[in-house]
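One file, upload-v4.cif, is given below (mmCIF, C-alpha atoms).
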data_entry
#
loop_
_atom_site.label_atom_id
_atom_site.label_comp_id
_atom_site.auth_asym_id
_atom_site.auth_seq_id
_atom_site.Cartn_x
_atom_site.Cartn_y
_atom_site.Cartn_z
CA MET A 512 -6.35 8.07 -1.79
CA VAL A 513 -4.81 11.49 -1.52
CA GLY A 514 -5.59 12.13 -5.13
CA GLU A 515 -3.67 15.37 -5.46
CA MET A 516 -1.04 15.78 -8.10
CA THR A 517 1.10 18.10 -6.06
CA THR A 518 4.23 16.02 -5.61
CA ASN A 519 6.43 15.35 -8.56
CA LEU A 520 6.67 11.57 -8.73
CA TRP A 521 9.11 11.41 -11.65
CA PRO A 522 12.25 10.81 -9.53
CA MET A 523 10.59 7.73 -8.01
CA VAL A 524 9.29 6.52 -11.37
CA ILE A 525 12.71 6.84 -13.03
CA ALA A 526 14.68 5.33 -10.14
CA LEU A 527 12.28 2.42 -9.91
CA ALA A 528 12.33 1.82 -13.66
CA ALA A 529 16.14 1.73 -13.67
CA SER A 530 16.38 -0.51 -10.60
CA ALA A 531 13.70 -2.92 -11.79
CA TYR A 532 15.42 -3.34 -15.15
CA LEU A 533 18.88 -3.75 -13.62
CA LEU A 534 17.62 -6.49 -11.30
CA LYS A 535 16.07 -8.42 -14.20
CA MET A 536 19.15 -7.92 -16.33
CA PHE A 537 21.53 -8.84 -13.53
CA GLY A 538 19.88 -12.22 -13.05
CA LEU A 539 19.50 -13.11 -16.72
CA VAL A 540 22.59 -11.62 -18.33
CA VAL A 541 25.25 -10.84 -15.73
CA LEU A 542 25.11 -13.61 -13.15
CA GLY A 543 24.61 -16.20 -15.87
CA SER A 544 24.45 -19.73 -14.56
CA ARG A 545 26.07 -18.95 -11.21
CA ARG A 546 23.87 -20.14 -8.39
CA LEU A 547 22.96 -18.29 -5.22
CA PRO A 548 23.57 -20.02 -1.90
CA ARG A 549 20.43 -21.97 -0.97
CA ILE A 550 19.77 -19.98 2.15
CA PHE A 551 19.82 -16.78 0.13
CA ASP A 552 17.51 -18.25 -2.47
CA ARG A 553 15.04 -19.31 0.19
CA CYS A 554 14.96 -15.93 1.91
CA LEU A 555 14.54 -14.01 -1.34
CA ALA A 556 11.65 -16.25 -2.33
CA LEU A 557 9.86 -15.16 0.86
CA ILE A 558 9.91 -11.42 0.10
CA PRO A 559 6.52 -11.36 -1.69
CA ALA A 560 4.82 -13.25 1.17
CA ALA A 561 6.12 -10.75 3.75
CA LEU A 562 5.52 -7.59 1.73
CA LEU A 563 2.21 -8.39 0.06
CA SER A 564 0.72 -9.38 3.40
CA ALA A 565 1.96 -6.11 4.93
CA LEU A 566 0.54 -4.14 1.99
CA VAL A 567 -2.86 -5.82 2.34
CA LEU A 568 -3.08 -4.91 6.01
CA LYS A 569 -1.79 -1.38 5.54
CA ASP A 570 -4.32 -0.68 2.81
CA THR A 571 -7.20 -2.21 4.75
CA PHE A 572 -6.56 -1.00 8.28
CA SER A 573 -4.66 2.26 8.12
CA VAL A 574 -5.12 5.87 7.18
CA GLY A 575 -1.75 7.55 7.29
CA GLN A 576 -0.18 6.50 10.58
CA SER A 577 -3.36 5.53 12.39
CA LEU A 578 -5.06 2.18 12.52
CA VAL A 579 -8.73 2.35 11.58
CA VAL A 580 -11.48 -0.12 10.86
CA ASP A 581 -13.93 1.14 8.26
CA VAL A 582 -15.90 0.05 5.22
CA ARG A 583 -12.70 -1.12 3.54
CA LEU A 584 -12.83 -4.17 5.80
CA ALA A 585 -15.87 -5.34 3.81
CA GLY A 586 -14.03 -4.87 0.52
CA PHE A 587 -11.10 -6.80 1.93
CA ALA A 588 -13.35 -9.63 3.07
CA VAL A 589 -14.91 -9.85 -0.38
CA ALA A 590 -11.44 -9.94 -1.95
CA VAL A 591 -10.41 -12.79 0.35
CA VAL A 592 -13.51 -14.83 -0.48
CA ALA A 593 -13.16 -14.19 -4.22
CA THR A 594 -9.48 -15.14 -4.13
CA TRP A 595 -10.32 -18.24 -2.14
CA ARG A 596 -12.79 -19.25 -4.85
CA ARG A 597 -9.97 -18.79 -7.36
CA ALA A 598 -11.57 -15.86 -9.16
CA PRO A 599 -9.31 -14.13 -11.72
CA LEU A 600 -7.41 -11.06 -10.50
CA ILE A 601 -9.67 -8.53 -12.17
CA VAL A 602 -12.81 -10.21 -10.81
CA VAL A 603 -11.36 -10.00 -7.30
CA VAL A 604 -10.74 -6.27 -7.73
CA VAL A 605 -14.13 -5.51 -9.29
CA LEU A 606 -16.10 -7.45 -6.66
CA ALA A 607 -14.18 -5.83 -3.78
CA ALA A 608 -14.59 -2.36 -5.27
CA SER A 609 -18.32 -2.88 -5.88
CA ALA A 610 -18.89 -4.05 -2.32
CA THR A 611 -17.03 -1.05 -0.96
CA ALA A 612 -18.84 1.40 -3.23
CA ILE A 613 -22.26 0.00 -2.36
CA LEU A 614 -21.60 0.16 1.37
CA ARG A 615 -20.30 3.73 1.05
CA ALA A 616 -23.42 4.74 -0.86
CA ILE A 617 -25.76 3.39 1.81
CA MET B 1443 5.93 -25.68 -39.05
CA ARG B 1444 3.04 -23.33 -39.61
CA GLY B 1445 0.24 -25.57 -38.45
CA ASP B 1446 2.32 -27.33 -35.78
CA PRO B 1447 -0.28 -28.01 -33.05
CA GLU B 1448 2.43 -27.96 -30.37
CA ILE B 1449 3.42 -24.41 -31.29
CA ARG B 1450 -0.21 -23.40 -31.37
CA ARG B 1451 -0.72 -24.78 -27.89
CA VAL B 1452 2.18 -22.70 -26.54
CA VAL B 1453 1.10 -19.53 -28.32
CA VAL B 1454 -2.54 -19.85 -27.31
CA SER B 1455 -1.75 -20.33 -23.62
CA SER B 1456 0.69 -17.41 -23.69
CA LEU B 1457 -1.80 -15.06 -25.31
CA THR B 1458 -4.68 -16.16 -23.09
CA LEU B 1459 -2.65 -15.33 -20.02
CA SER B 1460 -1.52 -12.03 -21.55
CA GLY B 1461 -5.11 -10.98 -22.20
CA ALA B 1462 -6.18 -11.80 -18.66
CA VAL B 1463 -3.29 -9.86 -17.16
CA GLY B 1464 -4.04 -6.97 -19.53
CA VAL B 1465 -7.55 -6.72 -18.11
CA PHE B 1466 -6.01 -6.65 -14.64
CA ALA B 1467 -3.84 -3.74 -15.78
CA LEU B 1468 -7.03 -1.66 -16.04
CA SER B 1469 -7.20 -1.75 -12.27
CA PHE B 1470 -3.60 -0.64 -11.97
CA GLY B 1471 -4.26 2.32 -14.25
CA VAL B 1472 -7.33 3.40 -12.29
CA ALA B 1473 -5.72 2.86 -8.88
CA SER B 1474 -2.50 4.61 -9.84
CA VAL B 1475 -4.12 7.86 -10.96
CA GLY B 1476 -6.44 7.59 -7.96
CA ALA B 1477 -3.34 7.49 -5.74
CA GLY B 1478 -1.97 10.67 -7.25
CA ALA B 1479 0.10 9.75 -10.31
CA SER B 1480 -0.52 11.44 -13.63
CA VAL B 1481 -1.59 9.42 -16.68
CA TRP B 1482 1.95 9.76 -18.06
CA GLN B 1483 3.59 8.61 -14.84
CA THR B 1484 1.20 5.68 -14.64
CA CYS B 1485 2.02 4.65 -18.20
CA ALA B 1486 5.75 5.11 -17.58
CA LEU B 1487 5.52 2.73 -14.63
CA SER B 1488 3.93 0.03 -16.77
CA LEU B 1489 6.29 0.58 -19.70
CA PHE B 1490 9.57 0.75 -17.85
CA VAL B 1491 9.08 -0.87 -14.46
CA PHE B 1492 6.86 -3.56 -15.97
CA THR B 1493 6.42 -5.75 -12.92
CA GLY B 1494 2.94 -5.55 -11.44
CA ALA B 1495 3.48 -6.10 -7.72
CA SER B 1496 6.17 -3.39 -7.55
CA GLN B 1497 4.01 -0.92 -9.46
CA PHE B 1498 1.01 -1.51 -7.20
CA SER B 1499 3.21 -1.35 -4.11
CA ALA B 1500 4.85 1.95 -5.05
CA MET B 1501 1.54 3.66 -5.79
CA SER B 1502 -0.13 2.22 -2.72
CA VAL B 1503 2.52 3.86 -0.52
CA ILE B 1504 2.31 7.15 -2.42
CA GLY B 1505 -1.49 7.09 -2.24
CA ALA B 1506 -1.35 6.68 1.54
CA GLY B 1507 0.88 9.74 1.79
CA GLY B 1508 4.25 7.99 2.01
CA SER B 1509 7.52 9.41 0.75
CA MET B 1510 8.95 8.55 -2.63
CA LEU B 1511 11.87 6.85 -0.91
CA ALA B 1512 9.59 4.53 1.08
CA ALA B 1513 7.57 3.80 -2.06
CA TYR B 1514 10.75 3.05 -3.98
CA GLY B 1515 12.15 0.81 -1.23
CA GLY B 1516 9.18 -1.52 -1.01
CA ALA B 1517 8.83 -1.71 -4.78
CA VAL B 1518 12.49 -2.61 -5.27
CA LEU B 1519 12.33 -5.32 -2.63
CA LEU B 1520 9.42 -6.85 -4.55
CA ALA B 1521 11.40 -6.54 -7.80
CA ILE B 1522 14.25 -8.66 -6.43
CA ARG B 1523 12.36 -11.80 -7.31
CA ASN B 1524 12.77 -10.95 -10.99
CA MET B 1525 16.52 -11.27 -10.49
CA VAL B 1526 15.92 -14.76 -9.13
CA TYR B 1527 13.75 -15.52 -12.17
CA GLY B 1528 16.52 -14.22 -14.40
CA LEU B 1529 18.89 -16.64 -12.74
CA ALA B 1530 16.45 -19.50 -13.23
CA LEU B 1531 16.13 -18.63 -16.91
CA SER B 1532 19.82 -17.96 -17.47
CA PRO B 1533 20.74 -21.52 -18.50
CA SER B 1534 18.48 -20.90 -21.50
CA ALA B 1535 19.53 -17.27 -21.94
CA ARG B 1536 21.42 -18.07 -25.14
CA SER B 1537 18.39 -19.67 -26.71
CA LEU B 1538 16.14 -16.78 -25.60
CA GLY B 1539 18.39 -14.31 -27.39
CA LYS B 1540 21.30 -15.05 -29.67
CA SER B 1541 23.06 -11.70 -29.35
CA LEU B 1542 23.71 -9.58 -26.28
CA PRO B 1543 21.30 -6.78 -27.33
CA HIS B 1544 18.68 -9.46 -27.88
CA ARG B 1545 19.25 -10.77 -24.35
CA LEU B 1546 19.20 -7.25 -22.92
CA LEU B 1547 15.77 -6.80 -24.48
CA ALA B 1548 14.67 -10.19 -23.14
CA ALA B 1549 15.63 -9.02 -19.64
CA GLN B 1550 12.80 -6.47 -19.56
CA PHE B 1551 10.33 -9.35 -19.99
CA VAL B 1552 11.65 -11.42 -17.08
CA ILE B 1553 8.61 -11.46 -14.75
CA ASP B 1554 6.41 -14.05 -13.00
CA GLU B 1555 4.34 -15.06 -16.02
CA THR B 1556 7.07 -15.30 -18.66
CA THR B 1557 9.26 -17.29 -16.29
CA ALA B 1558 6.47 -19.68 -15.35
CA LEU B 1559 5.40 -20.35 -18.94
CA ALA B 1560 8.95 -20.58 -20.29
CA LEU B 1561 10.12 -22.97 -17.60
CA ALA B 1562 7.03 -25.11 -18.14
CA GLU B 1563 8.47 -26.03 -21.56
CA SER B 1564 11.27 -28.57 -21.68
CA SER B 1565 12.72 -27.97 -25.14
CA PRO B 1566 14.81 -24.81 -25.74
CA ARG B 1567 12.78 -24.04 -28.86
CA PHE B 1568 9.40 -24.07 -27.10
CA ARG B 1569 10.91 -22.31 -24.14
CA LYS B 1570 11.93 -19.49 -26.44
CA ILE B 1571 8.49 -19.34 -28.11
CA ALA B 1572 6.71 -19.33 -24.74
CA PHE B 1573 9.00 -16.64 -23.36
CA TRP B 1574 8.70 -14.26 -26.28
CA THR B 1575 4.98 -14.67 -26.99
CA THR B 1576 4.16 -14.21 -23.31
CA GLY B 1577 6.64 -11.35 -22.98
CA ILE B 1578 5.49 -9.38 -26.00
CA GLY B 1579 1.81 -10.24 -25.58
CA LEU B 1580 1.76 -9.39 -21.91
CA PHE B 1581 3.77 -6.22 -22.39
CA SER B 1582 1.30 -5.03 -25.04
CA PHE B 1583 -1.84 -5.87 -23.09
CA TRP B 1584 -0.42 -4.65 -19.78
CA ASN B 1585 0.39 -1.25 -21.23
CA LEU B 1586 -2.83 -0.93 -23.19
CA GLY B 1587 -4.81 -1.87 -20.08
CA THR B 1588 -2.87 0.62 -17.99
CA LEU B 1589 -3.51 3.46 -20.45
CA ILE B 1590 -7.24 2.79 -20.66
CA GLY B 1591 -7.47 2.43 -16.88
CA ALA B 1592 -5.51 5.61 -16.26
CA LEU B 1593 -7.68 7.62 -18.66
CA ALA B 1594 -10.86 6.20 -17.14
CA GLY B 1595 -9.52 6.73 -13.62
CA SER B 1596 -8.77 10.38 -14.19
CA ALA B 1597 -12.36 10.92 -15.34
CA ILE B 1598 -14.03 9.52 -12.21
CA ASP B 1599 -13.85 9.84 -8.44
CA PRO B 1600 -12.03 6.66 -7.35
CA GLN B 1601 -13.38 6.77 -3.78
CA LYS B 1602 -16.97 6.84 -4.97
CA PHE B 1603 -16.51 3.65 -6.97
CA GLY B 1604 -14.69 1.94 -4.13
CA LEU B 1605 -11.55 1.87 -6.22
CA ASP B 1606 -9.24 2.65 -3.32
CA ILE B 1607 -9.93 -0.98 -2.38
CA ALA B 1608 -8.28 -2.00 -5.66
CA PHE B 1609 -4.92 -1.95 -3.88
CA PRO B 1610 -5.60 -4.38 -1.02
CA ALA B 1611 -7.79 -6.52 -3.28
CA ALA B 1612 -4.98 -6.85 -5.83
CA PHE B 1613 -2.49 -7.60 -3.07
CA VAL B 1614 -4.75 -10.32 -1.64
CA ALA B 1615 -4.94 -11.98 -5.05
CA MET B 1616 -1.19 -11.66 -5.61
CA LEU B 1617 -0.44 -13.01 -2.13
CA ARG B 1618 -2.38 -16.23 -2.50
CA PRO B 1619 0.22 -18.24 -4.46
CA HIS B 1620 2.76 -17.48 -1.74
CA LEU B 1621 0.65 -19.06 0.98
CA GLY B 1622 1.02 -22.58 -0.40
CA THR B 1623 3.82 -23.55 1.99
CA LYS B 1624 3.95 -23.41 5.76
CA LEU B 1625 7.02 -21.19 5.58
CA GLY B 1626 5.19 -18.83 3.22
CA ARG B 1627 2.22 -18.60 5.59
CA GLN B 1628 4.44 -17.98 8.61
CA THR B 1629 6.35 -15.27 6.77
CA ALA B 1630 3.12 -13.61 5.65
CA MET B 1631 1.82 -13.62 9.21
CA LEU B 1632 5.04 -12.24 10.67
CA GLY B 1633 5.31 -9.60 7.92
CA GLY B 1634 1.70 -8.54 8.47
CA ALA B 1635 2.15 -8.39 12.25
CA LEU B 1636 5.34 -6.30 11.96
CA CYS B 1637 3.51 -3.90 9.65
CA LEU B 1638 0.52 -3.43 11.95
CA LEU B 1639 2.72 -3.04 15.03
CA SER B 1640 4.93 -0.40 13.48
CA ILE B 1641 2.32 1.59 11.56
CA SER B 1642 1.73 4.19 14.27
CA PHE B 1643 5.39 4.77 15.03
CA VAL B 1644 7.18 5.16 11.71
CA PRO B 1645 6.49 7.23 8.57
CA VAL B 1646 3.95 5.93 6.05
CA GLY B 1647 5.39 3.20 3.83
CA VAL B 1648 8.20 2.28 6.22
CA PRO B 1649 6.18 -0.54 7.88
CA ILE B 1650 6.37 -2.31 4.51
CA LEU B 1651 10.15 -2.22 4.71
CA ILE B 1652 10.09 -3.41 8.31
CA ALA B 1653 7.83 -6.29 7.27
CA ALA B 1654 10.53 -7.44 4.88
CA THR B 1655 12.64 -8.57 7.82
CA ALA B 1656 10.19 -11.47 8.17
CA ILE B 1657 12.19 -13.26 5.50
CA VAL B 1658 14.73 -14.26 8.19
CA LEU B 1659 12.34 -17.15 8.82
CA GLY B 1660 13.89 -18.64 5.70
CA VAL B 1661 17.27 -18.92 7.43
CA ARG B 1662 16.25 -21.76 9.71
CA ASN B 1663 13.42 -23.65 8.09
CA GLY B 1664 14.04 -26.07 5.32
CA ARG B 1665 10.58 -26.04 3.82
#
Mind turning this structure into structure tokens?
Amino acid sequence: MVGEMTTNLWPMVIALAASAYLLKMFGLVVLGSRRLPRIFDRCLALIPAALLSALVLKDTFSVGQSLVVDVRLAGFAVAVVATWRRAPLIVVVVLAASATAILRAI
Amino acid sequence: MRGDPEIRRVVVSSLTLSGAVGVFALSFGVASVGAGASVWQTCALSLFVFTGASQFSAMSVIGAGGSMLAAYGGAVLLAIRNMVYGLALSPSARSLGKSLPHRLLAAQFVIDETTALALAESSPRFRKIAFWTTGIGLFSFWNLGTLIGALAGSAIDPQKFGLDIAFPAAFVAMLRPHLGTKLGRQTAMLGGALCLLSISFVPVGVPILIAATAIVLGVRNGR
């Protein structure tokens, strides 16, 4: 949303690329058929639920550090309905973006 | 061998999924440049990070004005699940790749879709076919989609087309499969609440890391 290319993002891109690969590789190649303790397994499986939900709310209701309710709420609502109706990912995004754009144009 | 209908079934379902995900990559490309990454950085994310939720998460935090460290932290937490997938696939690691370099290449393709389609097959041979066709197909389409999206995104004003909503919309769609269990729903609610409560008090992006503590719910509950 800032849209300025002032910061150099390469350190983040490179660190993330290395970490993401090492995690994949660690599970497939290094750990082999060793198993994680069940409790560990269960907690790790919950990470996407916790983070994706936080990301949804952050992107819908915040600008920087302040909570705001604006036209994005409509886009969010459309995304929820489309997801509920089992629309493919891209359809969810396009419908939500269209709703937001139309409301902004009015 | 050639006309084996079973092989065709596996290949067709792998490529269908790859194509669909590739179209979704368009939205990552557009959203990423809209959030401030260059076309090159956007393409590098898809080529080398190659795990959608982490890529979206990192650029969502950057786009909101968060630090690179906060963006990195949330994205890595989301990438941990690929390690778990790697573990799940590891009993068949030797059939996925005969040599170590082969397996090291396979590792880059360990993501939601390849794991799901590979583990859906019971024979090692089909498992290998499903893994590699999905991996290579998805990697190709994901990166092509990203490039086209990034080029298109740098030519338009993302706000005007409502494309800033691409982030939460994508997250909603990616969240859905995790809401199937009661524990998943509780974790999502706690994570969301922690994020909203902390947003005004900590730097941008950090609420996402705080939300991750919601996974302690997994310590007690069985299901």
Mind telling me what the PyMOL selection byres ((chain A and resi 601) around 12) catches here, as an MDAnalysis selection string? (chainID A and resid 590 593:594 597:600 602:608) or (chainID B and resid 1461:1470 1587 1608:1609 1611:1616)
Could you tell me how far CA of Arg1569 (chain B) lies from CA of Ser1537 (chain B), in Å and to one decimal?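 It comes out at 8.3 Å.
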With the file shown as input, list the residues that the PyMOL selection byres ((chain B and resi 1606) around 10) selects, as a ChimeraX atom specification. /A:512,570-571,583,586,607-608,611-612 /B:1472-1474,1476-1477,1502,1505,1599-1605,1607-1611
Hey, what's within 12 Å of Ala526 (chain A) if we count all atoms listed in the file and toss same-chain stuff fewer than 5 positions away? As a short mmCIF file (atom, residue, chain, number, x, y, z; two decimals) with C-alpha atoms, in the coordinates of the input, please?
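Listed below is the output, selection_30.cif:
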data_model
loop_
_atom_site.label_atom_id
_atom_site.label_comp_id
_atom_site.auth_asym_id
_atom_site.auth_seq_id
_atom_site.Cartn_x
_atom_site.Cartn_y
_atom_site.Cartn_z
CA LEU A 520 6.67 11.57 -8.73
CA TRP A 521 9.11 11.41 -11.65
CA ALA A 531 13.70 -2.92 -11.79
CA TYR A 532 15.42 -3.34 -15.15
CA LEU A 533 18.88 -3.75 -13.62
CA ALA B 1486 5.75 5.11 -17.58
CA LEU B 1487 5.52 2.73 -14.63
CA PHE B 1490 9.57 0.75 -17.85
CA VAL B 1491 9.08 -0.87 -14.46
CA ALA B 1500 4.85 1.95 -5.05
CA MET B 1510 8.95 8.55 -2.63
CA LEU B 1511 11.87 6.85 -0.91
CA ALA B 1513 7.57 3.80 -2.06
CA TYR B 1514 10.75 3.05 -3.98
CA GLY B 1515 12.15 0.81 -1.23
CA ALA B 1517 8.83 -1.71 -4.78
CA VAL B 1518 12.49 -2.61 -5.27
#
Mind giving me the straight-line distance from CA of Leu566 (chain A) to CA of Pro1619 (chain B) in Å, one decimal? 15.5 Å
May I have the residues at most 9 Å from (6.6, 4.5, -15.0) in the file's coordinates, counting all atoms listed in the file, as a PyMOL selection string? (chain A and resi 521+523-525+527-528) or (chain B and resi 1482-1492+1497)
Quick one: distance from CA of Ser1509 (chain B) to CA of Val579 (chain A) in Å, one decimal? 20.8 Å
Do you know which residues the PyMOL selection byres ((chain A and resi 541) around 12) returns on this file, as a ChimeraX atom specification? /A:533-540,542-546 /B:1525,1528-1529,1532-1533,1535,1542,1545-1546,1549
Restricting the calculation to only C-alpha atoms: of B:Ser1496, B:Thr1588, B:Ser1456, B:Ser1564, which residue gets closest to chain A?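 So, comparing all the options, the nearest one is B:Ser1496.
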So which one's closest to chain A, B:Ala1562, B:Leu1589, B:Ala1548, B:Ile1578? Using all atoms listed in the file, please.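 Between B:Ala1562, B:Leu1589, B:Ala1548, B:Ile1578, the residue approaching chain A most closely is B:Ala1548.
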Looking at B:Val1475, B:Val1453, B:Leu1580, B:Ile1598, which one is nearest to chain A, with distances taken over all atoms listed in the file? B:Val1475
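Shortest atom-to-atom contact with chain A among B:Thr1458, B:Ser1534, B:Thr1575, B:Ser1565: B:Ser1534, counting only C-alpha atoms.
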Counting all atoms listed in the file, the residue of B:Lys1624, B:Ala1506, B:Leu1457, B:Gly1471 that sits nearest chain A: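 Ranked by minimum distance to chain A, first place goes to B:Ala1506.
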All residues 9 Å or closer to region 559-561 of chain A, all atoms listed in the file, same chain fewer than 6 positions away omitted, as a PyMOL selection string: chain B and resi 1495+1519-1520+1523+1616-1621+1626-1634+1650+1653-1657
Just-selected residues, C-alpha atoms written as an mmCIF file, in the coordinates of the input:
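Once written, selection_6.cif looks like this:
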data_model
loop_
_atom_site.group_PDB
_atom_site.id
_atom_site.type_symbol
_atom_site.label_atom_id
_atom_site.label_comp_id
_atom_site.auth_asym_id
_atom_site.auth_seq_id
_atom_site.Cartn_x
_atom_site.Cartn_y
_atom_site.Cartn_z
ATOM 1 C CA ALA B 1495 3.480 -6.100 -7.720
ATOM 2 C CA LEU B 1519 12.330 -5.320 -2.630
ATOM 3 C CA LEU B 1520 9.420 -6.850 -4.550
ATOM 4 C CA ARG B 1523 12.360 -11.800 -7.310
ATOM 5 C CA MET B 1616 -1.190 -11.660 -5.610
ATOM 6 C CA LEU B 1617 -0.440 -13.010 -2.130
ATOM 7 C CA ARG B 1618 -2.380 -16.230 -2.500
ATOM 8 C CA PRO B 1619 0.220 -18.240 -4.460
ATOM 9 C CA HIS B 1620 2.760 -17.480 -1.740
ATOM 10 C CA LEU B 1621 0.650 -19.060 0.980
ATOM 11 C CA GLY B 1626 5.190 -18.830 3.220
ATOM 12 C CA ARG B 1627 2.220 -18.600 5.590
ATOM 13 C CA GLN B 1628 4.440 -17.980 8.610
ATOM 14 C CA THR B 1629 6.350 -15.270 6.770
ATOM 15 C CA ALA B 1630 3.120 -13.610 5.650
ATOM 16 C CA MET B 1631 1.820 -13.620 9.210
ATOM 17 C CA LEU B 1632 5.040 -12.240 10.670
ATOM 18 C CA GLY B 1633 5.310 -9.600 7.920
ATOM 19 C CA GLY B 1634 1.700 -8.540 8.470
ATOM 20 C CA ILE B 1650 6.370 -2.310 4.510
ATOM 21 C CA ALA B 1653 7.830 -6.290 7.270
ATOM 22 C CA ALA B 1654 10.530 -7.440 4.880
ATOM 23 C CA THR B 1655 12.640 -8.570 7.820
ATOM 24 C CA ALA B 1656 10.190 -11.470 8.170
ATOM 25 C CA ILE B 1657 12.190 -13.260 5.500
#
Between A:Val592, A:Leu547, A:Leu557, A:Val582, which residue has the minimum interatomic distance to chain B, considering all atoms listed in the file?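 Smallest separation from chain B among the options: A:Leu557.
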